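Asker: Here it is, the structure in full.
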Amino acid sequence: MQRLIEGVHKFRAEEFGRYRKLFRQLAQQGQNPHTLFITCSDSRVLAELITQSQPGDLFVVKNVGNIVPPASVTGSTNSTAAAIEFAVEVLQVGDIVVCGHSQCGAMEALLRNRPLQSMPNLGEWLHVAEAVRRMIESEYKHLTNDAERTTAAAEENVLFALENLRSYPSVKRRLADGTLHLHGWFFKIATAELFAFDPEANQFVPLVREPG
Ligand code: ZN
């Protein structure tokens with residue numbers, strides 16, 4: 001907690017000056033984020049840092065494993081659906097990014113497939129992505145290395161999320177209008193590189209060319 005308090009002090013003393021005008025403007029005019037950014041709760045994945053976004057830019061959903069349940073999953077298991085509806089219907093974001101990442105503990109737990117007795121909610125939540133686990137079991141038999149399987153699961157889970165996004169009526173409508181675009185990203189923690197799914201190449205490719 002001490003580190004958080006110190007961080008707040010540092011922000012107020014050293015950083016806030018640069019943002020004063022922007023925060024006041026956002027308070028008066030409301031938010032108008034351009035993108036719904038869905039990523040993992042993992043402490044190493046910072047949406048704003050890796051995209052250099054400012055306050056007001058991103059509507060961020062962080063959940064365990066950046067899972068997007070299909071629209072048919074309702075109720076308390078799907079708070080992500082509430083964020084999707086709000087971002088797409090009210091905020092009218094133009095883009096949705098689903099960003100998975102390497103070394104994802106949620107994907108490891110999903111692949112391990114053991115009962116999580118002391119964590120029933122986590123078990124139920126991961127079960128939403130059961131289709132991803134089954135796909136790794138059936139289509140990725142050639143991968144014997146756990147790290148490779150976890151990476152494959154994280155990538156497949158991003159595609160699963162994009163497919164599920166299309167099951168939401170509001171998303172469907174905006175996609176049909178051509179006013180909404182979906183993107184699948186993958187963040188490699190060790191090098192902080194971002195990859196984007198290229199549907200034509202059917203694989204994740206570097207999002208930007210590295211300088212130099
Ligand atoms: Zn994760």
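In the structure tokens, the first chain shown is A, the next is B, and so on; residue numbers restart at 1 for each chain, and ligands run from 1 in the order shown.
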Give the residue list for ligand 1 at 10 Å, counting only C-alpha atoms and all ligand atoms, as a short mmCIF file (atom, residue, chain, number, x, y, z; two decimals) with N, CA and C atoms, in the first residue's frame, sorted by chain and then by residue number.

Answerer:
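Generated output (selection-v6.cif):
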data_model
loop_
_atom_site.label_atom_id
_atom_site.label_comp_id
_atom_site.auth_asym_id
_atom_site.auth_seq_id
_atom_site.Cartn_x
_atom_site.Cartn_y
_atom_site.Cartn_z
N THR A 39 -8.07 -6.93 -22.21
CA THR A 39 -6.83 -7.68 -22.00
C THR A 39 -6.85 -8.37 -20.65
N CYS A 40 -5.74 -9.02 -20.34
CA CYS A 40 -5.68 -9.85 -19.13
C CYS A 40 -5.40 -9.00 -17.89
N SER A 41 -5.88 -9.46 -16.74
CA SER A 41 -5.61 -8.77 -15.47
C SER A 41 -4.14 -8.82 -15.10
N ASP A 42 -3.39 -9.65 -15.76
CA ASP A 42 -1.96 -9.82 -15.47
C ASP A 42 -1.28 -8.46 -15.27
N SER A 43 -0.51 -8.36 -14.18
CA SER A 43 0.11 -7.08 -13.79
C SER A 43 1.17 -6.61 -14.79
N ARG A 44 1.59 -7.51 -15.69
CA ARG A 44 2.66 -7.14 -16.62
C ARG A 44 2.12 -6.56 -17.93
N VAL A 45 0.81 -6.58 -18.09
CA VAL A 45 0.21 -6.10 -19.34
C VAL A 45 -0.49 -4.77 -19.08
N LYS A 62 -10.14 -5.44 -18.08
CA LYS A 62 -9.14 -6.44 -17.73
C LYS A 62 -9.87 -7.56 -17.02
N ASN A 63 -9.69 -8.76 -17.48
CA ASN A 63 -10.22 -9.90 -16.75
C ASN A 63 -9.21 -11.04 -16.81
N VAL A 64 -9.45 -12.07 -16.02
CA VAL A 64 -8.50 -13.18 -15.95
C VAL A 64 -8.49 -13.91 -17.29
N GLY A 65 -7.38 -13.78 -18.01
CA GLY A 65 -7.23 -14.50 -19.28
C GLY A 65 -7.82 -13.79 -20.49
N ASN A 66 -8.18 -12.51 -20.35
CA ASN A 66 -8.85 -11.76 -21.43
C ASN A 66 -9.82 -12.64 -22.22
N ILE A 67 -10.70 -13.30 -21.46
CA ILE A 67 -11.71 -14.17 -22.07
C ILE A 67 -12.94 -13.32 -22.43
N CYS A 99 -6.43 -8.38 -26.47
CA CYS A 99 -4.97 -8.54 -26.40
C CYS A 99 -4.59 -9.63 -25.41
N GLY A 100 -4.17 -10.77 -25.94
CA GLY A 100 -3.65 -11.84 -25.09
C GLY A 100 -2.17 -11.62 -24.85
N HIS A 101 -1.55 -12.50 -24.08
CA HIS A 101 -0.13 -12.30 -23.80
C HIS A 101 0.58 -13.61 -23.50
N SER A 102 1.91 -13.56 -23.55
CA SER A 102 2.74 -14.73 -23.25
C SER A 102 2.72 -15.01 -21.75
N GLN A 103 3.12 -16.21 -21.37
CA GLN A 103 3.21 -16.60 -19.95
C GLN A 103 1.91 -16.33 -19.19
N CYS A 104 0.77 -16.53 -19.84
CA CYS A 104 -0.52 -16.22 -19.19
C CYS A 104 -0.90 -17.34 -18.20
N GLY A 105 -0.99 -16.98 -16.94
CA GLY A 105 -1.34 -17.95 -15.90
C GLY A 105 -2.72 -18.55 -16.09
N ALA A 106 -3.62 -17.74 -16.63
CA ALA A 106 -4.99 -18.24 -16.87
C ALA A 106 -4.97 -19.33 -17.93
N MET A 107 -4.15 -19.14 -18.97
CA MET A 107 -4.06 -20.16 -20.03
C MET A 107 -3.39 -21.42 -19.48
N GLU A 108 -2.40 -21.24 -18.63
CA GLU A 108 -1.74 -22.40 -18.00
C GLU A 108 -2.74 -23.20 -17.18
N ALA A 154 -3.00 -19.03 -25.72
CA ALA A 154 -3.24 -17.59 -25.62
C ALA A 154 -3.65 -17.02 -26.97
#

Asker: Work out how far apart CA of Leu180 (chain A) and CA of Leu49 (chain A) are and give it in Å to one decimal.

Answerer: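 A separation of 23.5 Å between them.
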
Asker: Nearest residue to Phe195 (chain A) out of A:Thr80, A:Gln52, A:Val98, A:Gly178, using only C-alpha atoms?

Answerer: A:Val98

Asker: So what do you get for CA of Arg114 (chain A) versus CA of Leu126 (chain A), distance-wise?

Answerer: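 Here the two named atoms are 11.0 Å from each other.
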
Asker: For a quick check of understanding, using only C-alpha atoms, which of A:Val68, A:His181, A:Leu159, A:Leu22 has the smallest distance to Asn202 (chain A)?

Answerer: A:Leu159

Asker: Which one of A:Ala161, A:Leu122, A:Glu6, A:Phe23 sits closest to Gly56 (chain A) if you count only C-alpha atoms?

Answerer: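 Of the candidates, the smallest distance to Gly56 (chain A) is held by A:Phe23.
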
Asker: Each residue of region 20-58 of chain A with at least one atom at most 10 Å from region 83-91 of chain A should appear once, together with its nearest atom pair and the corresponding distance in Å (one decimal); atoms considered: only C-alpha atoms; ordering: chain, then increasing residue number; output as CSV.

Answerer:
residue,atom,partner,partner_atom,distance
A:Gln31,CA,A:Leu91,CA,7.9
A:Asn32,CA,A:Leu91,CA,6.3
A:Pro33,CA,A:Leu91,CA,7.0
A:His34,CA,A:Leu91,CA,8.3
A:Thr35,CA,A:Ala87,CA,8.2
A:Leu36,CA,A:Ala87,CA,6.4
A:Phe37,CA,A:Ala87,CA,9.8
A:Ile38,CA,A:Ile84,CA,9.3
A:Leu58,CA,A:Ala87,CA,10.0

Asker: Check chain A with DSSP on the backbone and list each residue it calls strand (DSSP E or B), as number ranges by chain.

Answerer: A: 35-40, 58-63, 95-101, 181-188, 193-198, 203-206

Asker: Residues of the last selection are to be written out with N, CA and C atoms, as a short mmCIF file (atom, residue, chain, number, x, y, z; two decimals), in the first residue's frame.

Answerer:
data_model
loop_
_atom_site.label_atom_id
_atom_site.label_comp_id
_atom_site.auth_asym_id
_atom_site.auth_seq_id
_atom_site.Cartn_x
_atom_site.Cartn_y
_atom_site.Cartn_z
N THR A 35 -11.38 3.26 -28.51
CA THR A 35 -11.18 1.81 -28.56
C THR A 35 -11.61 1.14 -27.26
N LEU A 36 -12.29 0.01 -27.41
CA LEU A 36 -12.50 -0.90 -26.29
C LEU A 36 -11.33 -1.86 -26.28
N PHE A 37 -10.57 -1.87 -25.21
CA PHE A 37 -9.35 -2.69 -25.14
C PHE A 37 -9.55 -3.76 -24.09
N ILE A 38 -9.63 -5.02 -24.52
CA ILE A 38 -9.89 -6.14 -23.60
C ILE A 38 -8.59 -6.92 -23.44
N THR A 39 -8.07 -6.93 -22.21
CA THR A 39 -6.83 -7.68 -22.00
C THR A 39 -6.85 -8.37 -20.65
N CYS A 40 -5.74 -9.02 -20.34
CA CYS A 40 -5.68 -9.85 -19.13
C CYS A 40 -5.40 -9.00 -17.89
N LEU A 58 -8.76 5.01 -24.10
CA LEU A 58 -9.14 3.59 -24.11
C LEU A 58 -10.20 3.29 -23.06
N PHE A 59 -11.18 2.48 -23.42
CA PHE A 59 -12.12 1.91 -22.46
C PHE A 59 -11.59 0.50 -22.22
N VAL A 60 -11.05 0.27 -21.03
CA VAL A 60 -10.29 -0.96 -20.80
C VAL A 60 -11.06 -1.96 -19.96
N VAL A 61 -11.10 -3.20 -20.42
CA VAL A 61 -11.61 -4.31 -19.61
C VAL A 61 -10.43 -5.24 -19.35
N LYS A 62 -10.14 -5.44 -18.08
CA LYS A 62 -9.14 -6.44 -17.73
C LYS A 62 -9.87 -7.56 -17.02
N ASN A 63 -9.69 -8.76 -17.48
CA ASN A 63 -10.22 -9.90 -16.75
C ASN A 63 -9.21 -11.04 -16.81
N ASP A 95 -13.18 0.76 -32.54
CA ASP A 95 -12.35 -0.44 -32.58
C ASP A 95 -12.47 -1.22 -31.27
N ILE A 96 -12.37 -2.54 -31.39
CA ILE A 96 -12.22 -3.39 -30.21
C ILE A 96 -10.94 -4.20 -30.40
N VAL A 97 -10.06 -4.08 -29.42
CA VAL A 97 -8.84 -4.88 -29.41
C VAL A 97 -8.97 -5.93 -28.32
N VAL A 98 -8.70 -7.19 -28.66
CA VAL A 98 -8.54 -8.23 -27.63
C VAL A 98 -7.06 -8.59 -27.62
N CYS A 99 -6.43 -8.38 -26.47
CA CYS A 99 -4.97 -8.54 -26.40
C CYS A 99 -4.59 -9.63 -25.41
N GLY A 100 -4.17 -10.77 -25.94
CA GLY A 100 -3.65 -11.84 -25.09
C GLY A 100 -2.17 -11.62 -24.85
N HIS A 101 -1.55 -12.50 -24.08
CA HIS A 101 -0.13 -12.30 -23.80
C HIS A 101 0.58 -13.61 -23.50
N HIS A 181 -14.49 -2.11 -35.89
CA HIS A 181 -13.48 -3.05 -36.38
C HIS A 181 -12.89 -3.84 -35.22
N LEU A 182 -12.69 -5.13 -35.44
CA LEU A 182 -12.16 -6.01 -34.39
C LEU A 182 -10.70 -6.35 -34.69
N HIS A 183 -9.90 -6.40 -33.63
CA HIS A 183 -8.48 -6.69 -33.78
C HIS A 183 -8.03 -7.68 -32.72
N GLY A 184 -7.24 -8.67 -33.12
CA GLY A 184 -6.67 -9.62 -32.18
C GLY A 184 -5.18 -9.36 -32.02
N TRP A 185 -4.76 -9.07 -30.81
CA TRP A 185 -3.36 -8.77 -30.55
C TRP A 185 -2.77 -9.78 -29.56
N PHE A 186 -1.43 -9.84 -29.60
CA PHE A 186 -0.71 -10.70 -28.66
C PHE A 186 0.52 -9.95 -28.17
N PHE A 187 0.67 -9.89 -26.86
CA PHE A 187 1.78 -9.14 -26.24
C PHE A 187 2.81 -10.12 -25.69
N LYS A 188 4.04 -9.98 -26.17
CA LYS A 188 5.13 -10.84 -25.70
C LYS A 188 5.87 -10.11 -24.59
N GLU A 193 6.94 -6.80 -27.18
CA GLU A 193 6.51 -6.66 -28.58
C GLU A 193 5.02 -6.99 -28.72
N LEU A 194 4.39 -6.30 -29.65
CA LEU A 194 2.99 -6.59 -29.95
C LEU A 194 2.86 -7.22 -31.33
N PHE A 195 1.99 -8.22 -31.42
CA PHE A 195 1.70 -8.89 -32.67
C PHE A 195 0.20 -8.76 -32.93
N ALA A 196 -0.16 -8.69 -34.20
CA ALA A 196 -1.58 -8.59 -34.54
C ALA A 196 -1.95 -9.76 -35.44
N PHE A 197 -3.17 -10.27 -35.25
CA PHE A 197 -3.60 -11.38 -36.09
C PHE A 197 -3.91 -10.86 -37.49
N ASP A 198 -3.29 -11.50 -38.47
CA ASP A 198 -3.54 -11.17 -39.87
C ASP A 198 -4.40 -12.28 -40.45
N GLN A 203 -2.12 -15.82 -39.31
CA GLN A 203 -1.17 -15.89 -38.20
C GLN A 203 -0.94 -14.51 -37.58
N PHE A 204 -0.30 -14.52 -36.41
CA PHE A 204 0.04 -13.27 -35.75
C PHE A 204 1.34 -12.73 -36.35
N VAL A 205 1.32 -11.49 -36.73
CA VAL A 205 2.51 -10.86 -37.32
C VAL A 205 2.86 -9.60 -36.53
N PRO A 206 4.13 -9.17 -36.56
CA PRO A 206 4.51 -7.97 -35.79
C PRO A 206 3.60 -6.78 -36.14
#

Asker: Looking at A:Arg112, A:Gln117, A:Gln25, A:Glu156, which one is nearest to Val132 (chain A), with distances taken over only C-alpha atoms?

Answerer: A:Glu156

Asker: Name the residues of region 35-210 of chain A that fall into alpha helix (DSSP H) according to DSSP on the backbone, using the chain letters and numbers of this document, as number ranges by chain.

Answerer: A: 47-51, 79-85, 105-112, 120-127, 130-139, 146-165, 169-177

Asker: Can you pull out every residue within 12 Å of Tyr140 (chain A), counting only C-alpha atoms, but drop anything in the same chain fewer than 4 positions away, and send it as a VMD selection string?

Answerer: chain A and resid 111 132 to 136 144 to 146 148 to 153 156

Asker: Would you mind reading off the distance between CA of Val93 (chain A) and CA of Ser167 (chain A), one decimal, in Å?

Answerer: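 Spanning CA of Val93 (chain A) to CA of Ser167 (chain A) is a straight-line distance of 17.3 Å.
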